[in-house]
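*Asks:* Quick one: this structure, given as structure tokens, is what I'll be asking you about.
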Protein chains: 2
Amino acid sequence: MSTGRDVAALAGTSTAVVSYVFNNGPRNVSPETKERVLAAAAQLNYRPNALARALSFGRTATVGLIVPDIANPYFGELAGALEDAAIERGDLLLIGDSRLNTAREARHIAAFVERRVDSVVMVSLLDEPDFSAFQQASIPVVALHPLASDSQVSSVTIDYEAAAEAATSHLTEHGFESIGLLNGPAHSVGADQHRRGFLRAIEASGREIRHEERNSDSSRAAASAVSIPWLESSDRPGAITCATDEQANGVLHAAYRLGLRVPQDLAVIGFDGTEHSGFTVPPLTTVRQPIRAIAARSIEILTGDIAAPVHEFAAHELVVRDSCGCTPSD
Amino acid sequence: MSTGRDVAALAGTSTAVVSYVFNNGPRNVSPETKERVLAAAAQLNYRPNALARALSFGRTATVGLIVPDIANPYFGELAGALEDAAIERGDLLLIGDSRLNTAREARHIAAFVERRVDSVVMVSLLDEPDFSAFQQASIPVVALHPLASDSQVSSVTIDYEAAAEAATSHLTEHGFESIGLLNGPAHSVGADQHRRGFLRAIEASGREIRHEERNSDSSRAAASAVSIPWLESSDRPGAITCATDEQANGVLHAAYRLGLRVPQDLAVIGFDGTEHSGFTVPPLTTVRQPIRAIAARSIEILTGDIAAPVHEFAAHELVVRDSCGCTPSD
DNA sequence: CTGAAAGCGCTTACAG
DNA sequence: CTGAAAGCGCTTACAG
């Protein structure tokens, strides 16, 4: 590929001027020279080398995103929203997919540090992720899930505990006497918050409600595999609330396999509220996370110069659809 | 962050030796020196700057991937498989999400060229994408969809036409007299192949089969919006075969909304065959693309030195599940 | 307004 | 086995 030097030579000027033209500064260039440079660049198909630029400029114009599983539409939507927010600022979004594998997650962290991303948005698999590599490299991070309150890393997240409580309360208020929680595995991110919110709602009901927690990875297959024996048991719950929409999809599938009707035989509530959740059969009652707002705010935090780590909450919303059997009006 | 120079100074040696140590070559380093370098690097939290490395090495160890919509689980799975294949070779996968927007797609192409990815895997939104920027930069590309046979770019893809024919034939063989094709929009990638395969199967049946094509974007919402009036019409088809699983999900949702039972009142067939397709309600009959094989072969082609562009076909497979109403055994 | 030169942090012939 | 130096392709003070 041709370089700035080639362009300068063809245009009869210096590489400095080529740079000024392509960056609209920091020095002025006469209109005639500018035109010659542009013509030469076009003729040579010149594309500035972003690596060289980043090396001397000290900024890569890149924000890294690490997610547990990009095939989960929630993270797909999140990536899309972040890309919109990043592109608006002229930055590129680099996506690292952990594939539900903590070793892979660690590898992405290392790769991002080596590539000197300017900042990172992180959804970890773990409830206590290791951010030290980013901190040593002074790369600002915002996590999109709850963090210890003394964490040196910022976070933007809904209040998982309150959201899980809202979902469960919806069920208790509609008279369910036996409710299951399909939670993520122990030490998975948010699992503690889901459990606490769930239990808080059960208690708050003031009634004797049978309740039980089971756990699966956040995948349809895993959730379905856990749900089938659960729903086959004689004392199966009348409602199951899940830690993710993916798991709720697995429950829906398990119910179908067993010939249970949703919501008549089993109520199901999801969590995340992607666009997809409106198109399941039946459409899913779920807790919606404000993905676009979270994405936009994350980028704001990362690009502003905020000294101390901030821990912000975004508003969640219970979206009532068919899968829980409670019509929106009551 | 500390640099190789800092490490060299602390270890009492030169930057060349630091480089030899971190790259295991190309020159030998005495065990004692090596140990001093490693100790110094650890003490300083040294992380080689991948940008500087790439600039002098002439290789970024990066493969770019451009997909229409990362929230579509098919592309999510694809990204995962490609990342596995790339990481195995020590490369990083850079994902660009076009978000169903051709301007965004063009922007990613430019960004990848500027960042000097070593190679790219591309799923375009268009049936005749513009690869010229990659060609000018001598960046090898493999497309994962049909291309004009004289294309200078390689492709690895299933035979869309044969696959669409297989899906439709399954329907004609099971006696359907009225079949719809929910295809992508005109000029969307693969739309022509889907149509040809569909029509070929109708013809091959030797019967008078009513058939009709309608079109939507590859999203559940769009497919559902198109399907609802279609299924409300008095002459609605008895079966619909779709260009993607996402669209099939939209059809499933539309049927649910209208109180039509699948498969009793309407048979549905998808296309792509992600893991998710096994967990819809009812589980989806679909054409499975061998994602992992396609991903692995793409990386092979890109990293081998193949002079001429190759156009390879991968084997598809019709996966019969509940949504078409034909039991696997007949 | 423009050019020659140093510097970003690496790698790698070139000497020793 | 090791070091001094050039070079990758940019940007940006520094002179003029």
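Just remember, in the structure tokens the first chain shown is A, the second B, etc., residues are 1-based per chain, and ligands are 1-based in the order shown.
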Could you pull out the strand (DSSP E or B) residues of region 30-167 of chain A, going by DSSP on the backbone, and write them as a list of chain:residue names?

*Replies:*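 Everything in region 30-167 of chain A that counts as strand (DSSP E or B) is A:Thr62, A:Val63, A:Gly64, A:Leu65, A:Ile66, A:Val67, A:Leu92, A:Leu93, A:Leu94, A:Ile95, A:Gly96, A:Asp97, A:Ser119, A:Val120, A:Val121, A:Met122, A:Leu126, A:Val141, A:Val142, A:Ala143, A:Ser154, A:Ser155, A:Val156, A:Thr157, A:Ile158.
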
*Asks:* As a PyMOL selection string, please: every residue in region 67-302 of chain A that DSSP puts in alpha helix (DSSP H).

*Replies:* chain A and resi 73-88+102-114+132-136+160-173+191-204+220-232+245-258+291-302

*Asks:* Just C-alpha atoms for this one: save the residues we selected as a compact mmCIF listing (two decimals), in the first residue's frame.

*Replies:*
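Just written: result_24.txt:
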# COMPACT_ATOMS: atom_id res chain seq x y z
CA PRO A 73 -29.07 -11.77 21.69
CA TYR A 74 -28.84 -9.62 24.79
CA PHE A 75 -25.13 -9.18 24.22
CA GLY A 76 -25.72 -8.87 20.52
CA GLU A 77 -28.03 -5.96 21.13
CA LEU A 78 -25.63 -4.49 23.63
CA ALA A 79 -22.79 -4.69 21.14
CA GLY A 80 -24.94 -2.98 18.56
CA ALA A 81 -25.88 -0.16 20.92
CA LEU A 82 -22.29 0.33 22.03
CA GLU A 83 -21.10 0.36 18.47
CA ASP A 84 -23.58 3.12 17.70
CA ALA A 85 -22.38 5.13 20.66
CA ALA A 86 -18.72 4.55 19.85
CA ILE A 87 -19.02 5.31 16.15
CA GLU A 88 -20.71 8.56 16.98
CA THR A 102 -13.20 -17.70 31.94
CA ALA A 103 -9.86 -18.53 30.33
CA ARG A 104 -11.07 -16.95 27.14
CA GLU A 105 -12.17 -13.90 29.09
CA ALA A 106 -8.71 -13.52 30.59
CA ARG A 107 -7.18 -13.84 27.16
CA HIS A 108 -9.30 -11.02 25.83
CA ILE A 109 -8.26 -8.80 28.69
CA ALA A 110 -4.62 -9.39 27.82
CA ALA A 111 -5.23 -8.84 24.11
CA PHE A 112 -6.99 -5.55 24.76
CA VAL A 113 -4.18 -4.29 26.93
CA GLU A 114 -1.59 -5.21 24.31
CA SER A 132 -5.71 -5.44 37.45
CA ALA A 133 -4.26 -5.63 33.95
CA PHE A 134 -6.44 -2.72 32.89
CA GLN A 135 -5.57 -0.76 35.97
CA GLN A 136 -1.84 -1.25 35.49
CA TYR A 160 -30.47 -6.56 39.83
CA GLU A 161 -31.81 -7.25 43.26
CA ALA A 162 -34.71 -4.83 42.91
CA ALA A 163 -35.41 -6.09 39.40
CA ALA A 164 -35.47 -9.72 40.49
CA GLU A 165 -37.73 -8.72 43.34
CA ALA A 166 -40.10 -6.94 40.95
CA ALA A 167 -40.37 -10.01 38.75
CA THR A 168 -41.02 -12.32 41.69
CA SER A 169 -43.47 -9.93 43.33
CA HIS A 170 -45.49 -9.88 40.17
CA LEU A 171 -45.89 -13.62 40.62
CA THR A 172 -46.69 -13.53 44.34
CA GLU A 173 -49.22 -10.78 43.79
CA ALA A 191 -26.48 -14.71 40.90
CA ASP A 192 -26.39 -13.41 44.46
CA GLN A 193 -28.48 -10.38 43.57
CA HIS A 194 -31.07 -12.50 41.82
CA ARG A 195 -31.37 -14.77 44.80
CA ARG A 196 -31.71 -11.94 47.29
CA GLY A 197 -34.35 -10.16 45.24
CA PHE A 198 -36.24 -13.39 44.77
CA LEU A 199 -36.23 -14.18 48.48
CA ARG A 200 -37.13 -10.64 49.42
CA ALA A 201 -40.28 -10.83 47.30
CA ILE A 202 -41.26 -14.18 48.77
CA GLU A 203 -40.90 -12.78 52.27
CA ALA A 204 -42.65 -9.55 51.45
CA ARG A 220 -31.23 -22.52 26.20
CA ALA A 221 -29.87 -26.03 26.09
CA ALA A 222 -28.58 -25.93 29.66
CA ALA A 223 -31.76 -24.36 30.99
CA SER A 224 -33.92 -26.88 29.18
CA ALA A 225 -31.88 -29.77 30.52
CA VAL A 226 -32.26 -28.52 34.08
CA SER A 227 -35.94 -27.72 33.66
CA ILE A 228 -37.15 -31.02 32.29
CA PRO A 229 -36.60 -33.07 35.44
CA TRP A 230 -37.75 -30.12 37.52
CA LEU A 231 -41.03 -29.89 35.67
CA GLU A 232 -41.48 -33.63 35.68
CA ASP A 245 -34.16 -14.57 28.80
CA GLU A 246 -32.02 -17.34 27.35
CA GLN A 247 -32.82 -19.50 30.32
CA ALA A 248 -36.50 -18.58 30.03
CA ASN A 249 -36.40 -19.81 26.45
CA GLY A 250 -35.04 -23.09 27.73
CA VAL A 251 -37.90 -23.34 30.22
CA LEU A 252 -40.43 -22.63 27.47
CA HIS A 253 -38.89 -25.39 25.43
CA ALA A 254 -38.90 -27.83 28.34
CA ALA A 255 -42.58 -27.10 28.97
CA TYR A 256 -43.34 -27.75 25.31
CA ARG A 257 -41.48 -31.04 25.43
CA LEU A 258 -43.51 -32.13 28.43
CA ILE A 291 -29.65 -1.31 26.82
CA ARG A 292 -29.30 1.85 24.76
CA ALA A 293 -29.22 4.09 27.81
CA ILE A 294 -26.65 1.87 29.50
CA ALA A 295 -24.51 1.81 26.38
CA ALA A 296 -24.66 5.55 25.85
CA ARG A 297 -23.90 6.32 29.47
CA SER A 298 -20.96 3.90 29.51
CA ILE A 299 -19.33 5.60 26.58
CA GLU A 300 -19.95 8.97 28.19
CA ILE A 301 -18.24 7.89 31.37
CA LEU A 302 -15.33 6.40 29.52

*Asks:* Starting from chain B, keep only residues with some atom at most 12 Å from an atom of chain D, counting only C-alpha atoms (C1' of nucleotides), and report them as a list in words.

*Replies:*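 Filtering chain B at 12 Å from chain D with only C-alpha atoms (C1' of nucleotides) gives Ala8, Gly12, Thr13, Ser14, Thr15, Ala16, Val17, Val18, Tyr20, Arg27, Asn28, Val29, Ser30, Pro31, Glu32, Thr33, Lys34, Leu51, Ala52, Arg53, Ala54, Leu55, Ser56, Phe57, Gly58, Arg59 and Glu114 of chain B.
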
*Asks:* Please dump the current selection as a short mmCIF file (atom, residue, chain, number, x, y, z; two decimals), in the first residue's frame; keep C-alpha atoms.

*Replies:*
data_model
loop_
_atom_site.label_atom_id
_atom_site.label_comp_id
_atom_site.auth_asym_id
_atom_site.auth_seq_id
_atom_site.Cartn_x
_atom_site.Cartn_y
_atom_site.Cartn_z
CA ALA B 8 16.11 -3.25 29.00
CA GLY B 12 20.94 -4.01 32.07
CA THR B 13 20.63 -5.05 28.46
CA SER B 14 19.34 -3.75 25.12
CA THR B 15 15.86 -3.52 23.62
CA ALA B 16 16.90 -6.06 21.01
CA VAL B 17 17.38 -8.67 23.67
CA VAL B 18 14.05 -7.82 25.27
CA TYR B 20 14.32 -11.73 21.46
CA ARG B 27 18.24 -14.84 18.11
CA ASN B 28 19.19 -16.90 21.11
CA VAL B 29 19.52 -15.33 24.53
CA SER B 30 21.54 -16.79 27.37
CA PRO B 31 19.44 -18.25 30.16
CA GLU B 32 20.78 -15.74 32.71
CA THR B 33 19.99 -12.72 30.57
CA LYS B 34 16.60 -14.11 29.77
CA LEU B 51 0.68 -1.61 17.61
CA ALA B 52 4.38 -0.94 17.52
CA ARG B 53 4.99 -4.61 17.00
CA ALA B 54 2.59 -4.77 14.08
CA LEU B 55 4.07 -1.67 12.53
CA SER B 56 7.55 -3.04 12.35
CA PHE B 57 6.57 -6.65 11.88
CA GLY B 58 4.17 -5.93 9.06
CA ARG B 59 1.42 -8.13 10.43
CA GLU B 114 -7.00 1.42 7.92
#

*Asks:* Between A:Thr244, A:Ser149, A:Thr280, A:Ser155, which is the closest to chain B once you count only C-alpha atoms?

*Replies:*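 Among the listed residues, A:Thr280 lies closest to chain B.
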
*Asks:* Between CA of Arg99 (chain B) and CA of Leu181 (chain B), measure the distance and give it in Å to one decimal.

*Replies:*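 Interatomic distance here is 23.8 Å.
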
*Asks:* Quick one: residues within 6 Å of Asp69 (chain A), only C-alpha atoms (C1' of nucleotides), excluding same-chain residues fewer than 3 positions away - as a PDB file with N, CA and C atoms, in the first residue's frame?

*Replies:*
ATOM      1  N   ASN A  72     -25.758 -14.843  22.484  1.00  0.00           N
ATOM      2  CA  ASN A  72     -26.906 -14.455  23.297  1.00  0.00           C
ATOM      3  C   ASN A  72     -27.376 -13.082  22.800  1.00  0.00           C
ATOM      4  N   ASP A  97     -15.444 -12.081  22.656  1.00  0.00           N
ATOM      5  CA  ASP A  97     -16.496 -13.005  23.088  1.00  0.00           C
ATOM      6  C   ASP A  97     -15.872 -14.065  23.993  1.00  0.00           C
ATOM      7  N   SER A  98     -16.275 -14.079  25.243  1.00  0.00           N
ATOM      8  CA  SER A  98     -15.662 -15.040  26.173  1.00  0.00           C
ATOM      9  C   SER A  98     -16.169 -16.459  25.962  1.00  0.00           C
ATOM     10  N   ARG A  99     -17.271 -16.588  25.276  1.00  0.00           N
ATOM     11  CA  ARG A  99     -17.825 -17.901  25.005  1.00  0.00           C
ATOM     12  C   ARG A  99     -18.037 -18.712  26.282  1.00  0.00           C
ATOM     13  N   LEU A 100     -18.505 -18.065  27.322  1.00  0.00           N
ATOM     14  CA  LEU A 100     -18.831 -18.742  28.580  1.00  0.00           C
ATOM     15  C   LEU A 100     -17.621 -19.457  29.176  1.00  0.00           C
TER      16      LEU A 100
END

*Asks:* Would you please work out which residue, of B:Ile95, B:Leu38, B:Ala61, B:Ile179, is nearest to chain A when using only C-alpha atoms?

*Replies:*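 Looking at the shortest contact to chain A, the residue is B:Ile95.
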
*Asks:* So which residues touch Val141 (chain A) within 6 Å, counting only C-alpha atoms (C1' of nucleotides), skipping near sequence neighbours fewer than 5 positions away, as a tab-separated table (two decimals) with N, CA and C atoms, in the first residue's frame?

*Replies:*
chain	number	residue	atom	x	y	z
A	119	SER	N	-10.30	2.31	26.10
A	119	SER	CA	-11.18	2.08	27.25
A	119	SER	C	-11.91	0.77	27.02
A	120	VAL	N	-12.51	0.24	28.07
A	120	VAL	CA	-13.25	-1.00	27.87
A	120	VAL	C	-14.55	-1.05	28.65
A	121	VAL	N	-15.52	-1.70	28.01
A	121	VAL	CA	-16.80	-2.00	28.62
A	121	VAL	C	-16.80	-3.50	28.87
A	153	VAL	N	-13.26	0.20	39.80
A	153	VAL	CA	-13.77	0.24	38.43
A	153	VAL	C	-15.21	0.76	38.47

*Asks:* Quick one: residues within 7 Å of region 234-239 of chain A, only C-alpha atoms (C1' of nucleotides) counted, chain neighbours fewer than 6 positions away excluded, as a PDB file with C-alpha atoms, in the first residue's frame?

*Replies:*
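Resulting contents of around.pdb:
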ATOM      1  CA  PHE A 176     -48.766 -18.215  42.834  1.00  0.00           C
ATOM      2  CA  SER A 178     -45.046 -22.253  44.434  1.00  0.00           C
ATOM      3  CA  ILE A 179     -42.332 -20.353  42.603  1.00  0.00           C
ATOM      4  CA  GLY A 180     -39.007 -21.452  41.211  1.00  0.00           C
ATOM      5  CA  ASP A 265     -49.815 -24.908  33.446  1.00  0.00           C
ATOM      6  CA  LEU A 266     -46.670 -22.941  34.071  1.00  0.00           C
ATOM      7  CA  ALA A 267     -45.923 -19.235  34.242  1.00  0.00           C
ATOM      8  CA  VAL A 268     -42.496 -18.093  33.036  1.00  0.00           C
TER       9      VAL A 268
END

*Asks:* My list of candidates is B:Val262, B:Ala315, B:Thr274, B:Tyr46. Which is closest to Ala137 (chain A) when distances are computed with only C-alpha atoms?

*Replies:*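 Nearest candidate to Ala137 (chain A) out of B:Val262, B:Ala315, B:Thr274, B:Tyr46: B:Tyr46.
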
*Asks:* With only C-alpha atoms as the atoms that count, which of B:Glu275, B:Asp130, B:Glu317, B:Glu213 lies nearest to chain A?

*Replies:* B:Glu275

*Asks:* A:Ala9, A:Val281, A:Val142, A:Val63: which is nearest chain B, counting only C-alpha atoms?

*Replies:*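 Among the listed residues, the smallest separation from chain B belongs to A:Val281.
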